[in-house]
Amino acid sequence: MEEDLRSLPKGNYTLTVEKYRKNKSTSQLGYLFGAVYPMFLQAAIDAGWDQLTSVTEVDAWCKSMFANREIVNRDTAEIIKVPAFKREMTTTDMMVYINQVRDHCAEYFNVHIPEPETQLTMKL
């Protein structure tokens, strides 16, 4: 790399080196918004949270519970929690987040959200 840099013509350059991280996948987001959140929404409504009206509200609720990051005031040491952005999650972060949402749904609403890519048989 040093040799390549030395061979550049004279001038000013900016070089950015970032650690590689694998971002969440579109299939993870599809599972979250297509299966997990809708089932969570219905389970919450059935449990009395009938003012919830959309997957967007479920997203905000779940992020506030499971995807917080703490910000500390350097002068007062006061801590506030701010929901993290899904766009900054790695595949592992997203997997942990989804599992936390599924576990909460099972524990508090007694509704078990199936694993991704699980075929369900519906009884009619």
# chains A, B, ... in the order shown; residues from 1 in each chain; ligands from 1
call {"tool": "closest_atom_pairs", "arguments": {"of": "segment 32-59 of chain A", "to": "segment 77-100 of chain A", "cutoff": "10 Å", "atoms": "only C-alpha atoms", "output": "tab-separated table"}}
result
residue	atom	partner	partner_atom	distance
A:Leu32	CA	A:Ile98	CA	6.9
A:Val36	CA	A:Ile98	CA	7.7
A:Tyr37	CA	A:Ile98	CA	9.5
call {"tool": "select_by_dssp", "arguments": {"residues": "segment 28-90 of chain A", "states": "strand (DSSP E or B)", "output": "MDAnalysis selection string"}}
result
chainID A and resid 68:72 79:83 90
call {"tool": "select_by_dssp", "arguments": {"residues": "segment 55-118 of chain A", "states": "alpha helix (DSSP H)", "output": "MDAnalysis selection string"}}
result
chainID A and resid 55:66 91:109
call {"tool": "residues_around", "arguments": {"residues": "Met39 of chain A", "least_positions_apart": "6", "cutoff": "10 Å", "atoms": "only C-alpha atoms", "output": "ChimeraX atom specification"}}
result
/A:32-33,45,55,102,105,111-114
